[in-house]
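Since the structure comes first, as structure tokens, the remarks are kept for the end.
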Amino acid sequence: MAQEILSIAIWEPLPEHEIVALETFNELTSIVTRKGYARDLLYRDRDHHYVFLRYWKSEETRRSAQEDPEMLRCWAKLGNEIQIVKVYETLNEVAAAKAL
């Protein structure tokens with residue numbers, strides 16, 4: 001079984017666009033879930049930044065999603081609704097250090 005791949009995006013809505021940005025993220029998550037690409041989680045911090053976590057099922061599903069017209073349309077919409085602060089495209093899990 002392929003190992004999940006974690007991607008993280010930290011973003012903030014553009015002025016007057018928070019509600020529509022959240023609606024677009026819901027649409028994006030719906031597509032991802034329906035097509036079985038990944039699972040998504042969205043958090044917000046006290047400074048009003050959103051932290052978006054996506055656990056891709058595999059590298060293959062990520063490549064498929066990156067070419068999916070529905071996904072591309074949502075990301076194009078988001079380009080007018082949010083400001084990306086930071087993106088971590090691929091994070092690898094690190095085993096906890098063993099006690100000495």
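Letters A, B, ... mark the chains of the structure tokens in the order given; residue numbers begin at 1 per chain; ligand numbers begin at 1, in order shown.
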Within chain A, find each residue whose DSSP state, derived from the backbone, is helix (DSSP H, G or I), and express the selection as a PDB file with all heavy atoms, in the first residue's frame.
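Result went into states_15.pdb, see below:
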ATOM      1  N   GLU A  18     -13.476  36.162   2.472  1.00  0.00           N
ATOM      2  CA  GLU A  18     -13.371  34.993   3.346  1.00  0.00           C
ATOM      3  C   GLU A  18     -14.478  33.972   3.098  1.00  0.00           C
ATOM      4  O   GLU A  18     -14.210  32.774   2.953  1.00  0.00           O
ATOM      5  CB  GLU A  18     -13.365  35.412   4.813  1.00  0.00           C
ATOM      6  CG  GLU A  18     -13.137  34.235   5.734  1.00  0.00           C
ATOM      7  CD  GLU A  18     -12.835  34.658   7.161  1.00  0.00           C
ATOM      8  OE1 GLU A  18     -13.050  35.844   7.508  1.00  0.00           O
ATOM      9  OE2 GLU A  18     -12.364  33.812   7.921  1.00  0.00           O
ATOM     10  N   ILE A  19     -15.697  34.416   3.031  1.00  0.00           N
ATOM     11  CA  ILE A  19     -16.815  33.476   2.864  1.00  0.00           C
ATOM     12  C   ILE A  19     -16.718  32.743   1.534  1.00  0.00           C
ATOM     13  O   ILE A  19     -16.856  31.520   1.475  1.00  0.00           O
ATOM     14  CB  ILE A  19     -18.172  34.198   3.016  1.00  0.00           C
ATOM     15  CG1 ILE A  19     -18.338  34.659   4.462  1.00  0.00           C
ATOM     16  CG2 ILE A  19     -19.326  33.299   2.583  1.00  0.00           C
ATOM     17  CD1 ILE A  19     -19.534  35.547   4.705  1.00  0.00           C
ATOM     18  N   VAL A  20     -16.459  33.468   0.468  1.00  0.00           N
ATOM     19  CA  VAL A  20     -16.376  32.833  -0.845  1.00  0.00           C
ATOM     20  C   VAL A  20     -15.155  31.910  -0.923  1.00  0.00           C
ATOM     21  O   VAL A  20     -15.222  30.837  -1.539  1.00  0.00           O
ATOM     22  CB  VAL A  20     -16.404  33.874  -1.989  1.00  0.00           C
ATOM     23  CG1 VAL A  20     -15.130  34.684  -2.065  1.00  0.00           C
ATOM     24  CG2 VAL A  20     -16.694  33.209  -3.316  1.00  0.00           C
ATOM     25  N   ALA A  21     -14.044  32.267  -0.266  1.00  0.00           N
ATOM     26  CA  ALA A  21     -12.869  31.393  -0.251  1.00  0.00           C
ATOM     27  C   ALA A  21     -13.181  30.083   0.472  1.00  0.00           C
ATOM     28  O   ALA A  21     -12.784  29.007   0.007  1.00  0.00           O
ATOM     29  CB  ALA A  21     -11.684  32.099   0.410  1.00  0.00           C
ATOM     30  N   LEU A  22     -13.889  30.160   1.582  1.00  0.00           N
ATOM     31  CA  LEU A  22     -14.264  28.944   2.305  1.00  0.00           C
ATOM     32  C   LEU A  22     -15.212  28.080   1.473  1.00  0.00           C
ATOM     33  O   LEU A  22     -15.119  26.846   1.489  1.00  0.00           O
ATOM     34  CB  LEU A  22     -14.867  29.294   3.656  1.00  0.00           C
ATOM     35  CG  LEU A  22     -13.871  29.865   4.669  1.00  0.00           C
ATOM     36  CD1 LEU A  22     -14.593  30.382   5.900  1.00  0.00           C
ATOM     37  CD2 LEU A  22     -12.818  28.828   5.042  1.00  0.00           C
ATOM     38  N   GLU A  23     -16.101  28.710   0.741  1.00  0.00           N
ATOM     39  CA  GLU A  23     -16.992  27.956  -0.148  1.00  0.00           C
ATOM     40  C   GLU A  23     -16.192  27.245  -1.233  1.00  0.00           C
ATOM     41  O   GLU A  23     -16.460  26.092  -1.561  1.00  0.00           O
ATOM     42  CB  GLU A  23     -18.032  28.887  -0.781  1.00  0.00           C
ATOM     43  CG  GLU A  23     -19.064  29.390   0.199  1.00  0.00           C
ATOM     44  CD  GLU A  23     -19.961  30.485  -0.363  1.00  0.00           C
ATOM     45  OE1 GLU A  23     -19.700  30.983  -1.484  1.00  0.00           O
ATOM     46  OE2 GLU A  23     -20.930  30.846   0.330  1.00  0.00           O
ATOM     47  N   THR A  24     -15.192  27.926  -1.788  1.00  0.00           N
ATOM     48  CA  THR A  24     -14.357  27.312  -2.817  1.00  0.00           C
ATOM     49  C   THR A  24     -13.546  26.166  -2.233  1.00  0.00           C
ATOM     50  O   THR A  24     -13.403  25.109  -2.858  1.00  0.00           O
ATOM     51  CB  THR A  24     -13.439  28.361  -3.477  1.00  0.00           C
ATOM     52  OG1 THR A  24     -14.239  29.421  -4.003  1.00  0.00           O
ATOM     53  CG2 THR A  24     -12.615  27.747  -4.600  1.00  0.00           C
ATOM     54  N   PHE A  25     -13.008  26.331  -1.012  1.00  0.00           N
ATOM     55  CA  PHE A  25     -12.290  25.235  -0.365  1.00  0.00           C
ATOM     56  C   PHE A  25     -13.215  24.052  -0.114  1.00  0.00           C
ATOM     57  O   PHE A  25     -12.807  22.894  -0.274  1.00  0.00           O
ATOM     58  CB  PHE A  25     -11.633  25.696   0.942  1.00  0.00           C
ATOM     59  CG  PHE A  25     -10.181  26.047   0.762  1.00  0.00           C
ATOM     60  CD1 PHE A  25      -9.811  27.354   0.536  1.00  0.00           C
ATOM     61  CD2 PHE A  25      -9.202  25.067   0.790  1.00  0.00           C
ATOM     62  CE1 PHE A  25      -8.479  27.685   0.354  1.00  0.00           C
ATOM     63  CE2 PHE A  25      -7.866  25.386   0.606  1.00  0.00           C
ATOM     64  CZ  PHE A  25      -7.502  26.706   0.388  1.00  0.00           C
ATOM     65  N   ASN A  26     -14.457  24.313   0.267  1.00  0.00           N
ATOM     66  CA  ASN A  26     -15.414  23.211   0.446  1.00  0.00           C
ATOM     67  C   ASN A  26     -15.655  22.480  -0.869  1.00  0.00           C
ATOM     68  O   ASN A  26     -15.749  21.248  -0.904  1.00  0.00           O
ATOM     69  CB  ASN A  26     -16.734  23.732   1.014  1.00  0.00           C
ATOM     70  CG  ASN A  26     -16.639  24.032   2.479  1.00  0.00           C
ATOM     71  OD1 ASN A  26     -15.811  23.485   3.192  1.00  0.00           O
ATOM     72  ND2 ASN A  26     -17.495  24.925   2.955  1.00  0.00           N
ATOM     73  N   GLU A  27     -15.751  23.240  -1.959  1.00  0.00           N
ATOM     74  CA  GLU A  27     -15.930  22.627  -3.276  1.00  0.00           C
ATOM     75  C   GLU A  27     -14.704  21.780  -3.642  1.00  0.00           C
ATOM     76  O   GLU A  27     -14.834  20.653  -4.112  1.00  0.00           O
ATOM     77  CB  GLU A  27     -16.146  23.722  -4.317  1.00  0.00           C
ATOM     78  CG  GLU A  27     -16.371  23.206  -5.724  1.00  0.00           C
ATOM     79  CD  GLU A  27     -16.570  24.325  -6.738  1.00  0.00           C
ATOM     80  OE1 GLU A  27     -16.605  25.513  -6.359  1.00  0.00           O
ATOM     81  OE2 GLU A  27     -16.670  23.984  -7.921  1.00  0.00           O
ATOM     82  N   LEU A  28     -13.524  22.310  -3.374  1.00  0.00           N
ATOM     83  CA  LEU A  28     -12.285  21.595  -3.653  1.00  0.00           C
ATOM     84  C   LEU A  28     -12.213  20.293  -2.848  1.00  0.00           C
ATOM     85  O   LEU A  28     -11.899  19.231  -3.390  1.00  0.00           O
ATOM     86  CB  LEU A  28     -11.100  22.504  -3.317  1.00  0.00           C
ATOM     87  CG  LEU A  28      -9.715  22.056  -3.722  1.00  0.00           C
ATOM     88  CD1 LEU A  28      -9.593  21.943  -5.233  1.00  0.00           C
ATOM     89  CD2 LEU A  28      -8.698  23.049  -3.191  1.00  0.00           C
ATOM     90  N   THR A  29     -12.532  20.367  -1.573  1.00  0.00           N
ATOM     91  CA  THR A  29     -12.515  19.191  -0.715  1.00  0.00           C
ATOM     92  C   THR A  29     -13.539  18.158  -1.182  1.00  0.00           C
ATOM     93  O   THR A  29     -13.275  16.955  -1.158  1.00  0.00           O
ATOM     94  CB  THR A  29     -12.765  19.600   0.745  1.00  0.00           C
ATOM     95  OG1 THR A  29     -11.663  20.401   1.173  1.00  0.00           O
ATOM     96  CG2 THR A  29     -12.876  18.394   1.658  1.00  0.00           C
ATOM     97  N   SER A  30     -14.678  18.623  -1.643  1.00  0.00           N
ATOM     98  CA  SER A  30     -15.706  17.725  -2.160  1.00  0.00           C
ATOM     99  C   SER A  30     -15.204  16.948  -3.378  1.00  0.00           C
ATOM    100  O   SER A  30     -15.420  15.738  -3.498  1.00  0.00           O
ATOM    101  CB  SER A  30     -16.955  18.532  -2.523  1.00  0.00           C
ATOM    102  OG  SER A  30     -17.906  17.724  -3.144  1.00  0.00           O
ATOM    103  N   ILE A  31     -14.500  17.636  -4.272  1.00  0.00           N
ATOM    104  CA  ILE A  31     -13.945  16.984  -5.461  1.00  0.00           C
ATOM    105  C   ILE A  31     -12.903  15.949  -5.045  1.00  0.00           C
ATOM    106  O   ILE A  31     -12.902  14.813  -5.526  1.00  0.00           O
ATOM    107  CB  ILE A  31     -13.325  18.027  -6.415  1.00  0.00           C
ATOM    108  CG1 ILE A  31     -14.406  18.946  -6.977  1.00  0.00           C
ATOM    109  CG2 ILE A  31     -12.555  17.341  -7.552  1.00  0.00           C
ATOM    110  CD1 ILE A  31     -13.869  20.200  -7.648  1.00  0.00           C
ATOM    111  N   VAL A  32     -12.007  16.340  -4.141  1.00  0.00           N
ATOM    112  CA  VAL A  32     -10.936  15.461  -3.672  1.00  0.00           C
ATOM    113  C   VAL A  32     -11.516  14.198  -3.037  1.00  0.00           C
ATOM    114  O   VAL A  32     -11.058  13.083  -3.304  1.00  0.00           O
ATOM    115  CB  VAL A  32     -10.027  16.224  -2.673  1.00  0.00           C
ATOM    116  CG1 VAL A  32      -9.151  15.278  -1.883  1.00  0.00           C
ATOM    117  CG2 VAL A  32      -9.180  17.244  -3.399  1.00  0.00           C
ATOM    118  N   THR A  33     -12.534  14.367  -2.216  1.00  0.00           N
ATOM    119  CA  THR A  33     -13.167  13.231  -1.541  1.00  0.00           C
ATOM    120  C   THR A  33     -13.893  12.337  -2.539  1.00  0.00           C
ATOM    121  O   THR A  33     -13.730  11.110  -2.524  1.00  0.00           O
ATOM    122  CB  THR A  33     -14.142  13.735  -0.463  1.00  0.00           C
ATOM    123  OG1 THR A  33     -13.410  14.524   0.478  1.00  0.00           O
ATOM    124  CG2 THR A  33     -14.817  12.583   0.251  1.00  0.00           C
ATOM    125  N   ARG A  34     -14.674  12.952  -3.406  1.00  0.00           N
ATOM    126  CA  ARG A  34     -15.467  12.191  -4.388  1.00  0.00           C
ATOM    127  C   ARG A  34     -14.572  11.362  -5.306  1.00  0.00           C
ATOM    128  O   ARG A  34     -14.891  10.216  -5.635  1.00  0.00           O
ATOM    129  CB  ARG A  34     -16.331  13.148  -5.204  1.00  0.00           C
ATOM    130  CG  ARG A  34     -17.171  12.483  -6.271  1.00  0.00           C
ATOM    131  CD  ARG A  34     -18.183  13.424  -6.927  1.00  0.00           C
ATOM    132  NE  ARG A  34     -17.764  14.790  -7.105  1.00  0.00           N
ATOM    133  CZ  ARG A  34     -17.108  15.264  -8.192  1.00  0.00           C
ATOM    134  NH1 ARG A  34     -16.792  14.452  -9.168  1.00  0.00           N
ATOM    135  NH2 ARG A  34     -16.796  16.545  -8.284  1.00  0.00           N
ATOM    136  N   LYS A  35     -13.434  11.914  -5.699  1.00  0.00           N
ATOM    137  CA  LYS A  35     -12.545  11.226  -6.628  1.00  0.00           C
ATOM    138  C   LYS A  35     -11.489  10.374  -5.922  1.00  0.00           C
ATOM    139  O   LYS A  35     -10.713   9.688  -6.573  1.00  0.00           O
ATOM    140  CB  LYS A  35     -11.882  12.239  -7.555  1.00  0.00           C
ATOM    141  CG  LYS A  35     -12.919  12.918  -8.452  1.00  0.00           C
ATOM    142  CD  LYS A  35     -12.297  13.727  -9.536  1.00  0.00           C
ATOM    143  CE  LYS A  35     -13.397  14.270 -10.448  1.00  0.00           C
ATOM    144  NZ  LYS A  35     -12.863  14.904 -11.639  1.00  0.00           N
ATOM    145  N   GLU A  59       1.501   9.338  -4.602  1.00  0.00           N
ATOM    146  CA  GLU A  59       2.066  10.269  -5.592  1.00  0.00           C
ATOM    147  C   GLU A  59       1.257  10.216  -6.888  1.00  0.00           C
ATOM    148  O   GLU A  59       1.033  11.236  -7.536  1.00  0.00           O
ATOM    149  CB  GLU A  59       3.537   9.931  -5.854  1.00  0.00           C
ATOM    150  CG  GLU A  59       4.227  10.906  -6.779  1.00  0.00           C
ATOM    151  CD  GLU A  59       4.236  12.335  -6.276  1.00  0.00           C
ATOM    152  OE1 GLU A  59       4.475  12.552  -5.071  1.00  0.00           O
ATOM    153  OE2 GLU A  59       4.006  13.260  -7.095  1.00  0.00           O
ATOM    154  N   GLU A  60       0.788   9.042  -7.244  1.00  0.00           N
ATOM    155  CA  GLU A  60      -0.014   8.886  -8.465  1.00  0.00           C
ATOM    156  C   GLU A  60      -1.326   9.668  -8.377  1.00  0.00           C
ATOM    157  O   GLU A  60      -1.719  10.346  -9.330  1.00  0.00           O
ATOM    158  CB  GLU A  60      -0.299   7.403  -8.721  1.00  0.00           C
ATOM    159  CG  GLU A  60      -1.092   7.148  -9.981  1.00  0.00           C
ATOM    160  CD  GLU A  60      -1.362   5.668 -10.192  1.00  0.00           C
ATOM    161  OE1 GLU A  60      -0.416   4.868 -10.089  1.00  0.00           O
ATOM    162  OE2 GLU A  60      -2.539   5.328 -10.449  1.00  0.00           O
ATOM    163  N   THR A  61      -2.011   9.583  -7.235  1.00  0.00           N
ATOM    164  CA  THR A  61      -3.270  10.331  -7.112  1.00  0.00           C
ATOM    165  C   THR A  61      -3.007  11.832  -7.094  1.00  0.00           C
ATOM    166  O   THR A  61      -3.804  12.602  -7.623  1.00  0.00           O
ATOM    167  CB  THR A  61      -4.070   9.931  -5.850  1.00  0.00           C
ATOM    168  OG1 THR A  61      -3.279  10.155  -4.690  1.00  0.00           O
ATOM    169  CG2 THR A  61      -4.535   8.496  -5.913  1.00  0.00           C
ATOM    170  N   ARG A  62      -1.883  12.244  -6.526  1.00  0.00           N
ATOM    171  CA  ARG A  62      -1.559  13.669  -6.534  1.00  0.00           C
ATOM    172  C   ARG A  62      -1.346  14.150  -7.960  1.00  0.00           C
ATOM    173  O   ARG A  62      -1.857  15.201  -8.353  1.00  0.00           O
ATOM    174  CB  ARG A  62      -0.325  13.957  -5.674  1.00  0.00           C
ATOM    175  CG  ARG A  62       0.041  15.434  -5.739  1.00  0.00           C
ATOM    176  CD  ARG A  62       0.964  15.899  -4.670  1.00  0.00           C
ATOM    177  NE  ARG A  62       2.265  15.269  -4.689  1.00  0.00           N
ATOM    178  CZ  ARG A  62       3.230  15.612  -3.855  1.00  0.00           C
ATOM    179  NH1 ARG A  62       3.048  16.548  -2.947  1.00  0.00           N
ATOM    180  NH2 ARG A  62       4.384  15.017  -3.913  1.00  0.00           N
ATOM    181  N   ARG A  63      -0.609  13.390  -8.766  1.00  0.00           N
ATOM    182  CA  ARG A  63      -0.392  13.768 -10.172  1.00  0.00           C
ATOM    183  C   ARG A  63      -1.712  13.835 -10.932  1.00  0.00           C
ATOM    184  O   ARG A  63      -1.932  14.763 -11.709  1.00  0.00           O
ATOM    185  CB  ARG A  63       0.560  12.782 -10.846  1.00  0.00           C
ATOM    186  CG  ARG A  63       2.006  13.201 -10.718  1.00  0.00           C
ATOM    187  CD  ARG A  63       2.945  12.318 -11.509  1.00  0.00           C
ATOM    188  NE  ARG A  63       3.538  11.397 -10.540  1.00  0.00           N
ATOM    189  CZ  ARG A  63       3.449  10.083 -10.557  1.00  0.00           C
ATOM    190  NH1 ARG A  63       2.830   9.468 -11.515  1.00  0.00           N
ATOM    191  NH2 ARG A  63       4.002   9.348  -9.616  1.00  0.00           N
ATOM    192  N   SER A  64      -2.586  12.877 -10.689  1.00  0.00           N
ATOM    193  CA  SER A  64      -3.898  12.887 -11.355  1.00  0.00           C
ATOM    194  C   SER A  64      -4.694  14.126 -10.973  1.00  0.00           C
ATOM    195  O   SER A  64      -5.309  14.772 -11.829  1.00  0.00           O
ATOM    196  CB  SER A  64      -4.700  11.636 -10.987  1.00  0.00           C
ATOM    197  OG  SER A  64      -4.077  10.484 -11.484  1.00  0.00           O
ATOM    198  N   ALA A  65      -4.675  14.461  -9.701  1.00  0.00           N
ATOM    199  CA  ALA A  65      -5.420  15.634  -9.223  1.00  0.00           C
ATOM    200  C   ALA A  65      -4.861  16.923  -9.814  1.00  0.00           C
ATOM    201  O   ALA A  65      -5.619  17.849 -10.135  1.00  0.00           O
ATOM    202  CB  ALA A  65      -5.378  15.696  -7.700  1.00  0.00           C
ATOM    203  N   GLN A  66      -3.545  16.997  -9.977  1.00  0.00           N
ATOM    204  CA  GLN A  66      -2.925  18.201 -10.512  1.00  0.00           C
ATOM    205  C   GLN A  66      -3.273  18.435 -11.980  1.00  0.00           C
ATOM    206  O   GLN A  66      -3.109  19.535 -12.488  1.00  0.00           O
ATOM    207  CB  GLN A  66      -1.414  18.153 -10.323  1.00  0.00           C
ATOM    208  CG  GLN A  66      -1.022  18.299  -8.868  1.00  0.00           C
ATOM    209  CD  GLN A  66       0.457  18.082  -8.624  1.00  0.00           C
ATOM    210  OE1 GLN A  66       1.149  17.429  -9.392  1.00  0.00           O
ATOM    211  NE2 GLN A  66       0.948  18.636  -7.521  1.00  0.00           N
ATOM    212  N   PRO A  69      -9.307  18.841 -14.462  1.00  0.00           N
ATOM    213  CA  PRO A  69      -9.894  20.142 -14.809  1.00  0.00           C
ATOM    214  C   PRO A  69     -10.745  20.755 -13.692  1.00  0.00           C
ATOM    215  O   PRO A  69     -10.722  21.974 -13.501  1.00  0.00           O
ATOM    216  CB  PRO A  69     -10.751  19.848 -16.041  1.00  0.00           C
ATOM    217  CG  PRO A  69     -10.211  18.572 -16.599  1.00  0.00           C
ATOM    218  CD  PRO A  69      -9.647  17.810 -15.435  1.00  0.00           C
ATOM    219  N   GLU A  70     -11.483  19.932 -12.950  1.00  0.00           N
ATOM    220  CA  GLU A  70     -12.285  20.459 -11.838  1.00  0.00           C
ATOM    221  C   GLU A  70     -11.394  21.055 -10.756  1.00  0.00           C
ATOM    222  O   GLU A  70     -11.686  22.119 -10.201  1.00  0.00           O
ATOM    223  CB  GLU A  70     -13.156  19.356 -11.215  1.00  0.00           C
ATOM    224  CG  GLU A  70     -14.370  18.979 -12.005  1.00  0.00           C
ATOM    225  CD  GLU A  70     -15.192  17.955 -11.254  1.00  0.00           C
ATOM    226  OE1 GLU A  70     -14.817  16.757 -11.265  1.00  0.00           O
ATOM    227  OE2 GLU A  70     -16.197  18.354 -10.629  1.00  0.00           O
ATOM    228  N   MET A  71     -10.311  20.362 -10.447  1.00  0.00           N
ATOM    229  CA  MET A  71      -9.374  20.849  -9.431  1.00  0.00           C
ATOM    230  C   MET A  71      -8.702  22.139  -9.901  1.00  0.00           C
ATOM    231  O   MET A  71      -8.583  23.100  -9.142  1.00  0.00           O
ATOM    232  CB  MET A  71      -8.306  19.787  -9.134  1.00  0.00           C
ATOM    233  CG  MET A  71      -8.834  18.497  -8.555  1.00  0.00           C
ATOM    234  SD  MET A  71      -9.161  18.618  -6.796  1.00  0.00           S
ATOM    235  CE  MET A  71      -7.503  18.731  -6.162  1.00  0.00           C
ATOM    236  N   LEU A  72      -8.273  22.154 -11.145  1.00  0.00           N
ATOM    237  CA  LEU A  72      -7.609  23.343 -11.690  1.00  0.00           C
ATOM    238  C   LEU A  72      -8.535  24.555 -11.665  1.00  0.00           C
ATOM    239  O   LEU A  72      -8.105  25.673 -11.367  1.00  0.00           O
ATOM    240  CB  LEU A  72      -7.117  23.064 -13.113  1.00  0.00           C
ATOM    241  CG  LEU A  72      -5.988  22.035 -13.224  1.00  0.00           C
ATOM    242  CD1 LEU A  72      -5.730  21.694 -14.688  1.00  0.00           C
ATOM    243  CD2 LEU A  72      -4.729  22.548 -12.553  1.00  0.00           C
ATOM    244  N   ARG A  73      -9.810  24.336 -11.951  1.00  0.00           N
ATOM    245  CA  ARG A  73     -10.782  25.432 -11.925  1.00  0.00           C
ATOM    246  C   ARG A  73     -10.907  26.004 -10.516  1.00  0.00           C
ATOM    247  O   ARG A  73     -10.918  27.230 -10.320  1.00  0.00           O
ATOM    248  CB  ARG A  73     -12.152  24.936 -12.423  1.00  0.00           C
ATOM    249  CG  ARG A  73     -13.208  26.019 -12.491  1.00  0.00           C
ATOM    250  CD  ARG A  73     -14.558  25.478 -12.949  1.00  0.00           C
ATOM    251  NE  ARG A  73     -15.029  24.336 -12.207  1.00  0.00           N
ATOM    252  CZ  ARG A  73     -15.554  24.395 -10.980  1.00  0.00           C
ATOM    253  NH1 ARG A  73     -15.684  25.539 -10.371  1.00  0.00           N
ATOM    254  NH2 ARG A  73     -15.973  23.303 -10.369  1.00  0.00           N
ATOM    255  N   CYS A  74     -10.969  25.141  -9.501  1.00  0.00           N
ATOM    256  CA  CYS A  74     -11.073  25.614  -8.111  1.00  0.00           C
ATOM    257  C   CYS A  74      -9.829  26.388  -7.699  1.00  0.00           C
ATOM    258  O   CYS A  74      -9.925  27.444  -7.063  1.00  0.00           O
ATOM    259  CB  CYS A  74     -11.292  24.439  -7.161  1.00  0.00           C
ATOM    260  SG  CYS A  74     -12.976  23.825  -7.128  1.00  0.00           S
ATOM    261  N   TRP A  75      -8.654  25.866  -8.043  1.00  0.00           N
ATOM    262  CA  TRP A  75      -7.426  26.570  -7.674  1.00  0.00           C
ATOM    263  C   TRP A  75      -7.336  27.921  -8.383  1.00  0.00           C
ATOM    264  O   TRP A  75      -6.850  28.893  -7.802  1.00  0.00           O
ATOM    265  CB  TRP A  75      -6.194  25.709  -7.958  1.00  0.00           C
ATOM    266  CG  TRP A  75      -5.997  24.662  -6.901  1.00  0.00           C
ATOM    267  CD1 TRP A  75      -6.107  23.320  -7.043  1.00  0.00           C
ATOM    268  CD2 TRP A  75      -5.675  24.890  -5.519  1.00  0.00           C
ATOM    269  NE1 TRP A  75      -5.871  22.683  -5.832  1.00  0.00           N
ATOM    270  CE2 TRP A  75      -5.609  23.627  -4.886  1.00  0.00           C
ATOM    271  CE3 TRP A  75      -5.450  26.024  -4.748  1.00  0.00           C
ATOM    272  CZ2 TRP A  75      -5.314  23.476  -3.532  1.00  0.00           C
ATOM    273  CZ3 TRP A  75      -5.152  25.867  -3.396  1.00  0.00           C
ATOM    274  CH2 TRP A  75      -5.090  24.614  -2.811  1.00  0.00           C
ATOM    275  N   ALA A  76      -7.833  27.998  -9.611  1.00  0.00           N
ATOM    276  CA  ALA A  76      -7.839  29.282 -10.321  1.00  0.00           C
ATOM    277  C   ALA A  76      -8.755  30.279  -9.605  1.00  0.00           C
ATOM    278  O   ALA A  76      -8.409  31.462  -9.458  1.00  0.00           O
ATOM    279  CB  ALA A  76      -8.277  29.084 -11.773  1.00  0.00           C
ATOM    280  N   LYS A  77      -9.919  29.815  -9.148  1.00  0.00           N
ATOM    281  CA  LYS A  77     -10.824  30.686  -8.381  1.00  0.00           C
ATOM    282  C   LYS A  77     -10.156  31.166  -7.098  1.00  0.00           C
ATOM    283  O   LYS A  77     -10.229  32.347  -6.748  1.00  0.00           O
ATOM    284  CB  LYS A  77     -12.120  29.933  -8.026  1.00  0.00           C
ATOM    285  CG  LYS A  77     -13.118  29.867  -9.141  1.00  0.00           C
ATOM    286  CD  LYS A  77     -14.337  29.027  -8.794  1.00  0.00           C
ATOM    287  CE  LYS A  77     -15.040  29.422  -7.536  1.00  0.00           C
ATOM    288  NZ  LYS A  77     -16.244  28.634  -7.263  1.00  0.00           N
ATOM    289  N   LEU A  78      -9.494  30.241  -6.410  1.00  0.00           N
ATOM    290  CA  LEU A  78      -8.847  30.598  -5.150  1.00  0.00           C
ATOM    291  C   LEU A  78      -7.754  31.648  -5.347  1.00  0.00           C
ATOM    292  O   LEU A  78      -7.488  32.436  -4.447  1.00  0.00           O
ATOM    293  CB  LEU A  78      -8.260  29.358  -4.473  1.00  0.00           C
ATOM    294  CG  LEU A  78      -9.268  28.493  -3.743  1.00  0.00           C
ATOM    295  CD1 LEU A  78      -8.638  27.167  -3.337  1.00  0.00           C
ATOM    296  CD2 LEU A  78      -9.829  29.217  -2.535  1.00  0.00           C
TER     297      LEU A  78
END
7 Å contact set for range 43-55 of chain A, only C-alpha atoms, chain neighbours under 5 positions out, as number ranges by chain: A: 4-12, 38
Please write the residues from the selection above to a file, keeping C-alpha atoms, as a PDB file, in the first residue's frame.
ATOM      1  CA  GLU A   4       0.219   9.015   2.266  1.00  0.00           C
ATOM      2  CA  ILE A   5       1.909  12.275   1.315  1.00  0.00           C
ATOM      3  CA  LEU A   6       1.245  15.321   3.489  1.00  0.00           C
ATOM      4  CA  SER A   7       1.014  18.768   1.899  1.00  0.00           C
ATOM      5  CA  ILE A   8       0.327  21.945   3.869  1.00  0.00           C
ATOM      6  CA  ALA A   9      -0.725  25.390   2.681  1.00  0.00           C
ATOM      7  CA  ILE A  10      -1.004  28.380   4.982  1.00  0.00           C
ATOM      8  CA  TRP A  11      -3.194  31.135   3.586  1.00  0.00           C
ATOM      9  CA  GLU A  12      -5.300  34.142   4.433  1.00  0.00           C
ATOM     10  CA  ALA A  38      -6.853  12.581  -0.634  1.00  0.00           C
TER      11      ALA A  38
END
Based on DSSP run over this structure's backbone, return all residues of chain A in strand (DSSP E or B), as a PyMOL selection string. chain A and resi 5-13+38-44+50-56+82-91
Of the residues A:Ile82, A:Glu93, A:Leu42, A:Gln3, which is the one nearest to Lys57 in chain A, using only C-alpha atoms? A:Gln3
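In this model, the gap between CA of Asp40 in chain A and CA of Asp68 in chain A comes to 16.9 Å.
One distance worth recording is that between CA of Pro15 in chain A and CA of Arg39 in chain A, which is 27.8 Å.
Between CA of Tyr88 in chain A and CA of Pro13 in chain A the interatomic distance comes to 18.4 Å.
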Which one of A:Tyr37, A:Ala95, A:Asn80, A:Lys86 sits closest to Glu67 in chain A if you count only C-alpha atoms? A:Tyr37
